[in-house]
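> I'd like to ask some things about the structure below.
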2 protein chains.
Amino acid sequence: MKNIKLIIEYNGKNYRGWQKQPTENSVQEVIEEGIKKITQKEVKLNGSGRTDSGVHALGQVATFYTDANIEGYKFKNALNSILPSDIVIKESEEIDISFHARYHAKAKTYKYIIYNNNTRSAIHRDFSYHVPYELDIDKLTISANRLIGTYDFTSFTSKKNSKKNKVRTIHDIDIVIKGKLIEIRYTGNGFLYNMVRIMTGTLVDIARGKIKEDILDIIKAKDRDRAGITAAAQGLYLEKVYYKDNWKNI
Amino acid sequence: MKNIKLIIEYNGKNYRGWQKQPTENSVQEVIEEGIKKITQKEVKLNGSGRTDSGVHALGQVATFYTDANIEGYKFKNALNSILPSDIVIKESEEIDISFHARYHAKAKTYKYIIYNNNTRSAIHRDFSYHVPYELDIDKLTISANRLIGTYDFTSFTSKKNSKKNKVRTIHDIDIVIKGKLIEIRYTGNGFLYNMVRIMTGTLVDIARGKIKEDILDIIKAKDRDRAGITAAAQGLYLEKVYYKDNWKNI
């Protein structure tokens, strides 16, 4: 038995997210079907975590067990020749049998792309979140920096989230302006349901002057209603999953 | 009678190019239908030039005449509320009645995006040209710089091009590397049919070592067969059209 690790890029537009569902089209299911064609056996892919409907990935990580007599690195080309054009295997390799993409993940980076222009974009529409308001980038940057640290992020997750422990550590938030595109990269040890999208929506609401409260007070309130909107799914990318202790060393 | 100028962004994926055709879906026709809904009259849009099937635009320019009692700047929002999401009006304004988007164009900038990675991209697939080979960026840059100037570009246009005068001036070629994306911007006083795509294909063939000839010798040969492949339509963007004498002053 071998454990095969995949690094996966996908365009989330035509999928109801990563996770397999009984009646919906999911990225996980499409890749499992592809592996089945190659190995002639049912497999179960274990991803590093779910992504929502419409969310993209540049570096989702998943593993599966197989007894097929195929070298690990060969799954990349074999799968890419079968998969639809909106899913790509960037790497495949055999990895220690005990490796688990979710349990062993130490940190993740999510990228969020905002298209900040008075008109919507015909080119970037499925890959960014359109914000037509003027944004104060200084305010955005200062508030983003305040989110770095270890906090109870109850204010920044869906009210539907029933997980008890809502303490997470954000290692870094990096903002890059590329013309009309604003790229925000969030790196942390874990993210709650909708957390990146709510942090982004709140930063946008602060940068456009709609929210005047200090973002640290919003954290302290532990109240979802004090934070801003949930920014759109199509601006969000799971960029990288880290498996060593220090995300900076990888 | 008023002359209205539009600046248009479009995703070319679902269109058979800019130019209206009897049985095919074109960007021009979709916008003309939109204007008709607003003004209640047939109109004809005059674009700065055609773009091929699948080619995108960030700054196509087109004009139309109307006697509708609507201020020029209002067409932007009125059209954007009607047009499909893959076409956007970025600006609209009334302009001198004699202005013509094609005849008065002094220069154009085309952007070409190459995705240079061993695997294809799920995210950039409709917006870039996938080149899986290793590229020598120094060779690419040196050869691109040699194309700047006034030459007979017969080697860099489709054999189907029956235009007599194939002399054009390239003012500038600018190359920017953004991770796995290579952006090449070509600015010139005019471009022959397929010229940007053949120049790009030739630069790629030189940078991957497939063509060893000096690009100036390819120009001198005036022979399409000496140049490289025609790079894919989906990597090409009409970025800007200039209407003053010196493109650098605009």
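Within each chain, counting starts at residue 1; across the structure tokens, chains are named A, B, ... in the order shown, with ligands numbered 1 upward in that order.
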Would you list the contacts of Thr119 in chain B as a list in words, taking every protein, DNA or RNA residue within 10 Å and counting only C-alpha atoms, but skipping same-chain residues closer than 5 positions in sequence?

Lys76, Asn77, Asn80, Val88, Ile89, Lys90 and Glu91 of chain A; His130, Val131, Pro132 and Tyr133 of chain B

> Counting only C-alpha atoms, give me one row per residue of chain B with an atom at most 10 Å from an atom of chain A, showing the shortest contact pair and its distance in Å to one decimal, sorted by chain then residue number, as CSV.


```
residue,atom,partner,partner_atom,distance
B:Ile8,CA,A:Ala122,CA,9.4
B:Glu9,CA,A:Ala122,CA,6.1
B:Tyr10,CA,A:Ala122,CA,5.2
B:Asn11,CA,A:Ile123,CA,5.2
B:Gly12,CA,A:Ile123,CA,8.8
B:Lys13,CA,A:Ile123,CA,9.8
B:His56,CA,A:Ile123,CA,7.9
B:Ala57,CA,A:Ile123,CA,8.6
B:Leu58,CA,A:Ile123,CA,8.1
B:Lys76,CA,A:Thr119,CA,8.9
B:Asn77,CA,A:Thr119,CA,8.6
B:Asn80,CA,A:Thr119,CA,8.3
B:Pro84,CA,A:Ala122,CA,9.0
B:Ser85,CA,A:Ala122,CA,6.0
B:Asp86,CA,A:Ala122,CA,4.4
B:Ile87,CA,A:Ala122,CA,5.4
B:Val88,CA,A:Ala122,CA,5.8
B:Ile89,CA,A:Thr119,CA,7.7
B:Lys90,CA,A:Thr119,CA,6.2
B:Glu91,CA,A:Thr119,CA,8.9
B:Asn117,CA,A:Lys90,CA,9.6
B:Asn118,CA,A:Lys90,CA,8.5
B:Thr119,CA,A:Lys90,CA,6.2
B:Arg120,CA,A:Val88,CA,6.9
B:Ser121,CA,A:Val88,CA,6.6
B:Ala122,CA,A:Asp86,CA,4.4
B:Ile123,CA,A:Asn11,CA,5.2
B:His124,CA,A:Asn11,CA,8.8
B:Arg125,CA,A:Ser85,CA,7.7
B:Asp126,CA,A:Ile123,CA,9.6
B:Phe127,CA,A:Ile123,CA,8.0
```

> Generate the output file for the selected residues, N, CA, C and O atoms, as a compact mmCIF listing (two decimals), in the first residue's frame.


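Contents of result_29.txt, freshly written:
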```
# COMPACT_ATOMS: atom_id res chain seq x y z
N ILE B 8 -13.91 50.19 -23.89
CA ILE B 8 -14.57 48.90 -23.63
C ILE B 8 -13.57 47.84 -23.19
O ILE B 8 -12.51 47.68 -23.79
N GLU B 9 -13.96 47.10 -22.15
CA GLU B 9 -13.20 45.91 -21.73
C GLU B 9 -14.05 44.70 -22.06
O GLU B 9 -15.26 44.70 -21.81
N TYR B 10 -13.45 43.67 -22.63
CA TYR B 10 -14.22 42.43 -22.82
C TYR B 10 -13.35 41.19 -22.69
O TYR B 10 -12.16 41.22 -22.95
N ASN B 11 -14.01 40.15 -22.24
CA ASN B 11 -13.43 38.81 -22.18
C ASN B 11 -13.83 38.14 -23.50
O ASN B 11 -15.01 37.89 -23.75
N GLY B 12 -12.86 37.87 -24.37
CA GLY B 12 -13.16 37.42 -25.72
C GLY B 12 -13.59 35.96 -25.83
O GLY B 12 -13.95 35.50 -26.92
N LYS B 13 -13.55 35.24 -24.70
CA LYS B 13 -13.74 33.79 -24.76
C LYS B 13 -14.99 33.35 -25.53
O LYS B 13 -14.94 32.44 -26.34
N HIS B 56 -8.95 39.25 -26.04
CA HIS B 56 -9.57 40.13 -25.05
C HIS B 56 -9.25 41.59 -25.32
O HIS B 56 -8.35 41.91 -26.08
N ALA B 57 -9.98 42.47 -24.64
CA ALA B 57 -9.65 43.90 -24.69
C ALA B 57 -9.78 44.50 -23.31
O ALA B 57 -10.69 44.16 -22.55
N LEU B 58 -8.85 45.38 -22.99
CA LEU B 58 -8.93 46.17 -21.76
C LEU B 58 -9.27 47.60 -22.08
O LEU B 58 -9.75 48.35 -21.22
N LYS B 76 -22.32 54.97 -20.06
CA LYS B 76 -21.53 53.98 -19.32
C LYS B 76 -22.42 53.14 -18.39
O LYS B 76 -22.51 51.91 -18.55
N ASN B 77 -23.08 53.80 -17.46
CA ASN B 77 -23.90 53.03 -16.50
C ASN B 77 -25.11 52.39 -17.16
O ASN B 77 -25.50 51.28 -16.81
N ASN B 80 -23.82 49.33 -18.96
CA ASN B 80 -23.33 48.29 -18.03
C ASN B 80 -24.46 47.55 -17.34
O ASN B 80 -24.30 46.41 -16.93
N PRO B 84 -23.93 41.82 -20.96
CA PRO B 84 -23.54 40.61 -20.23
C PRO B 84 -22.27 40.87 -19.42
O PRO B 84 -21.55 41.84 -19.69
N SER B 85 -21.99 40.00 -18.46
CA SER B 85 -20.89 40.27 -17.51
C SER B 85 -19.52 40.19 -18.17
O SER B 85 -18.54 40.63 -17.58
N ASP B 86 -19.41 39.68 -19.39
CA ASP B 86 -18.10 39.61 -20.03
C ASP B 86 -17.80 40.81 -20.93
O ASP B 86 -16.78 40.81 -21.64
N ILE B 87 -18.66 41.81 -20.89
CA ILE B 87 -18.40 43.08 -21.60
C ILE B 87 -18.68 44.22 -20.63
O ILE B 87 -19.74 44.24 -19.99
N VAL B 88 -17.76 45.18 -20.53
CA VAL B 88 -17.93 46.31 -19.62
C VAL B 88 -17.55 47.61 -20.35
O VAL B 88 -16.53 47.65 -21.04
N ILE B 89 -18.36 48.64 -20.18
CA ILE B 89 -18.02 49.98 -20.67
C ILE B 89 -17.26 50.68 -19.55
O ILE B 89 -17.80 50.90 -18.47
N LYS B 90 -15.98 51.02 -19.80
CA LYS B 90 -15.18 51.66 -18.76
C LYS B 90 -15.36 53.17 -18.74
O LYS B 90 -15.24 53.81 -17.69
N GLU B 91 -15.59 53.74 -19.91
CA GLU B 91 -15.83 55.18 -20.01
C GLU B 91 -16.78 55.44 -21.17
O GLU B 91 -16.74 54.73 -22.17
N ASN B 117 4.94 27.34 -17.25
CA ASN B 117 5.03 26.34 -16.18
C ASN B 117 4.90 24.95 -16.80
O ASN B 117 4.29 24.82 -17.86
N ASN B 118 5.46 23.95 -16.14
CA ASN B 118 5.40 22.62 -16.75
C ASN B 118 3.98 22.05 -16.78
O ASN B 118 3.64 21.30 -17.68
N THR B 119 3.14 22.44 -15.82
CA THR B 119 1.73 22.04 -15.91
C THR B 119 0.89 23.23 -16.38
O THR B 119 1.23 24.38 -16.15
N ARG B 120 -0.25 22.94 -17.02
CA ARG B 120 -1.19 24.00 -17.43
C ARG B 120 -1.78 24.66 -16.19
O ARG B 120 -1.60 24.18 -15.07
N SER B 121 -2.50 25.76 -16.36
CA SER B 121 -3.11 26.45 -15.22
C SER B 121 -4.63 26.34 -15.26
O SER B 121 -5.26 26.58 -16.29
N ALA B 122 -5.21 25.99 -14.10
CA ALA B 122 -6.67 25.93 -14.01
C ALA B 122 -7.27 27.33 -13.88
O ALA B 122 -8.40 27.57 -14.28
N ILE B 123 -6.50 28.26 -13.33
CA ILE B 123 -6.99 29.61 -13.07
C ILE B 123 -6.82 30.51 -14.29
O ILE B 123 -7.72 31.25 -14.67
N HIS B 124 -5.64 30.45 -14.92
CA HIS B 124 -5.32 31.40 -15.99
C HIS B 124 -5.65 30.86 -17.39
O HIS B 124 -5.35 31.52 -18.38
N ARG B 125 -6.26 29.69 -17.46
CA ARG B 125 -6.36 29.00 -18.76
C ARG B 125 -6.98 29.82 -19.88
O ARG B 125 -6.53 29.76 -21.01
N ASP B 126 -8.02 30.61 -19.60
CA ASP B 126 -8.67 31.36 -20.68
C ASP B 126 -8.03 32.72 -20.90
O ASP B 126 -8.48 33.49 -21.77
N PHE B 127 -7.01 33.04 -20.11
CA PHE B 127 -6.46 34.40 -20.12
C PHE B 127 -4.96 34.43 -20.37
O PHE B 127 -4.33 35.47 -20.17
```

> Going by DSSP on the backbone, which residues of range 68-223 of chain A come out as strand (DSSP E or B)? List them as a compact mmCIF listing (two decimals) with C-alpha atoms, in the first residue's frame.


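result-v3.txt written:
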```
# COMPACT_ATOMS: atom_id res chain seq x y z
CA ILE A 87 -8.50 21.18 -12.29
CA VAL A 88 -4.73 20.61 -12.52
CA ILE A 89 -2.38 18.38 -10.53
CA LYS A 90 0.77 20.45 -9.96
CA GLU A 91 2.76 17.75 -8.17
CA SER A 92 2.33 14.11 -7.19
CA GLU A 93 4.65 12.01 -5.05
CA GLU A 94 4.71 9.03 -2.74
CA ILE A 95 4.91 10.13 0.88
CA ALA A 107 -0.24 26.58 8.60
CA LYS A 108 -2.07 27.79 5.50
CA THR A 109 -1.90 30.82 3.27
CA TYR A 110 -5.07 32.13 1.68
CA LYS A 111 -4.93 34.84 -0.98
CA TYR A 112 -7.85 37.20 -1.50
CA ILE A 113 -8.09 39.37 -4.65
CA ILE A 114 -10.15 42.57 -4.68
CA TYR A 115 -10.86 44.38 -7.96
CA ASN A 116 -11.13 48.01 -6.87
CA TYR A 129 -14.33 40.52 -5.69
CA HIS A 130 -15.52 43.78 -7.19
CA VAL A 131 -15.37 46.72 -4.75
CA GLY A 149 -1.59 37.56 16.58
CA THR A 150 -3.47 34.98 18.63
CA TYR A 151 -7.12 35.83 19.27
CA ASP A 152 -10.55 34.35 19.71
CA VAL A 167 -8.80 30.80 19.01
CA ARG A 168 -6.49 30.97 15.99
CA THR A 169 -3.09 32.53 15.31
CA ILE A 170 -2.53 34.75 12.30
CA HIS A 171 1.19 34.81 11.50
CA ASP A 172 1.16 37.37 8.74
CA ILE A 173 -1.06 39.49 6.50
CA ASP A 174 0.61 40.85 3.37
CA ILE A 175 -1.00 43.40 1.05
CA VAL A 176 0.18 44.02 -2.52
CA ILE A 177 -1.40 46.59 -4.85
CA LYS A 178 -1.22 45.66 -8.53
CA LEU A 181 -6.14 44.61 -8.00
CA ILE A 182 -5.50 44.42 -4.27
CA GLU A 183 -4.02 41.10 -3.16
CA ILE A 184 -4.26 40.24 0.52
CA ARG A 185 -2.41 37.14 1.75
CA TYR A 186 -3.38 35.70 5.12
CA THR A 187 -1.08 33.14 6.73
CA GLY A 188 -2.17 31.46 9.94
```

> For Thr230 in chain A, list every protein, DNA or RNA residue within 7 Å, evaluated using only C-alpha atoms, and leave out those in the same chain fewer than 6 positions away; present the list as number ranges by chain.

A: 197-198, 201

> Those residues you just picked out, can you put them in a file as a PDB file, in the first residue's frame with N, CA and C atoms?


```pdb
ATOM      1  N   ARG A 197     -12.960  35.399   4.469  1.00  0.00           N
ATOM      2  CA  ARG A 197     -13.914  36.244   3.748  1.00  0.00           C
ATOM      3  C   ARG A 197     -14.495  37.334   4.660  1.00  0.00           C
ATOM      4  N   ILE A 198     -14.729  37.016   5.926  1.00  0.00           N
ATOM      5  CA  ILE A 198     -15.268  38.035   6.847  1.00  0.00           C
ATOM      6  C   ILE A 198     -14.181  39.042   7.224  1.00  0.00           C
ATOM      7  N   GLY A 201     -13.997  41.307   4.212  1.00  0.00           N
ATOM      8  CA  GLY A 201     -15.166  42.196   4.150  1.00  0.00           C
ATOM      9  C   GLY A 201     -15.077  43.305   5.189  1.00  0.00           C
TER      10      GLY A 201
END
```

> Using only C-alpha atoms, which protein or nucleic acid residues come within 9 Å of Asp223 in chain B? Drop anything in the same chain fewer than 6 positions from it, and give the result as a count of residues only.

4

> So which bits of range 113-250 of chain B end up helix (DSSP H, G or I) when you DSSP the backbone, as a PDB file with C-alpha atoms, in the first residue's frame?


```pdb
ATOM      1  CA  ILE B 137      14.455  35.261 -20.570  1.00  0.00           C
ATOM      2  CA  ASP B 138      17.673  37.040 -21.610  1.00  0.00           C
ATOM      3  CA  LYS B 139      17.287  35.737 -25.160  1.00  0.00           C
ATOM      4  CA  LEU B 140      13.598  36.712 -25.110  1.00  0.00           C
ATOM      5  CA  THR B 141      14.426  40.258 -24.004  1.00  0.00           C
ATOM      6  CA  ILE B 142      17.305  40.782 -26.438  1.00  0.00           C
ATOM      7  CA  SER B 143      15.253  39.516 -29.392  1.00  0.00           C
ATOM      8  CA  ALA B 144      12.229  41.604 -28.351  1.00  0.00           C
ATOM      9  CA  ASN B 145      14.388  44.736 -28.248  1.00  0.00           C
ATOM     10  CA  ARG B 146      15.583  44.037 -31.799  1.00  0.00           C
ATOM     11  CA  LEU B 147      11.979  44.197 -33.050  1.00  0.00           C
ATOM     12  CA  THR B 154       5.929  40.521 -43.863  1.00  0.00           C
ATOM     13  CA  SER B 155       7.535  37.639 -41.921  1.00  0.00           C
ATOM     14  CA  PHE B 156       5.218  38.398 -38.994  1.00  0.00           C
ATOM     15  CA  MET B 195       1.434  40.229 -36.007  1.00  0.00           C
ATOM     16  CA  VAL B 196       1.499  40.314 -32.189  1.00  0.00           C
ATOM     17  CA  ARG B 197       0.709  36.608 -31.958  1.00  0.00           C
ATOM     18  CA  ILE B 198       3.427  35.670 -34.496  1.00  0.00           C
ATOM     19  CA  MET B 199       6.000  37.964 -32.839  1.00  0.00           C
ATOM     20  CA  THR B 200       5.185  36.317 -29.497  1.00  0.00           C
ATOM     21  CA  GLY B 201       5.345  32.808 -30.948  1.00  0.00           C
ATOM     22  CA  THR B 202       8.707  33.627 -32.535  1.00  0.00           C
ATOM     23  CA  LEU B 203      10.106  35.100 -29.311  1.00  0.00           C
ATOM     24  CA  VAL B 204       8.987  31.943 -27.457  1.00  0.00           C
ATOM     25  CA  ASP B 205      10.572  29.709 -30.103  1.00  0.00           C
ATOM     26  CA  ILE B 206      13.835  31.664 -29.776  1.00  0.00           C
ATOM     27  CA  ALA B 207      13.725  31.616 -25.964  1.00  0.00           C
ATOM     28  CA  ILE B 215      15.273  37.818 -35.336  1.00  0.00           C
ATOM     29  CA  LEU B 216      16.591  40.637 -37.560  1.00  0.00           C
ATOM     30  CA  ASP B 217      17.407  38.034 -40.221  1.00  0.00           C
ATOM     31  CA  ILE B 218      13.848  36.723 -39.919  1.00  0.00           C
ATOM     32  CA  ILE B 219      12.548  40.263 -40.498  1.00  0.00           C
ATOM     33  CA  LYS B 220      14.856  40.742 -43.508  1.00  0.00           C
ATOM     34  CA  ALA B 221      13.733  37.451 -45.081  1.00  0.00           C
ATOM     35  CA  ARG B 224       6.339  33.952 -42.875  1.00  0.00           C
ATOM     36  CA  ASP B 225       7.841  30.468 -42.813  1.00  0.00           C
ATOM     37  CA  ARG B 226      11.037  31.729 -41.165  1.00  0.00           C
ATOM     38  CA  ALA B 233      -5.570  34.026 -29.125  1.00  0.00           C
ATOM     39  CA  GLN B 234      -6.512  33.761 -25.444  1.00  0.00           C
ATOM     40  CA  GLY B 235      -3.180  35.294 -24.319  1.00  0.00           C
ATOM     41  CA  TRP B 247       2.129  57.781 -27.461  1.00  0.00           C
ATOM     42  CA  LYS B 248       4.511  58.569 -24.607  1.00  0.00           C
ATOM     43  CA  ASN B 249       2.727  61.832 -23.868  1.00  0.00           C
TER      44      ASN B 249
END
```

> Would you kindly return, as a ChimeraX atom specification, each protein, DNA or RNA residue with an atom no farther than 9 Å from any atom of range 160-164 of chain A, considering only C-alpha atoms and excluding same-chain residues fewer than 3 positions away?

/A:154,157,192-193

> For Trp18 in chain B, which of B:Leu45, B:Arg50, B:Asn3, B:Asn194 is the closest residue, counting only C-alpha atoms?

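For Trp18 in chain B, the nearest of the candidates is B:Arg50.
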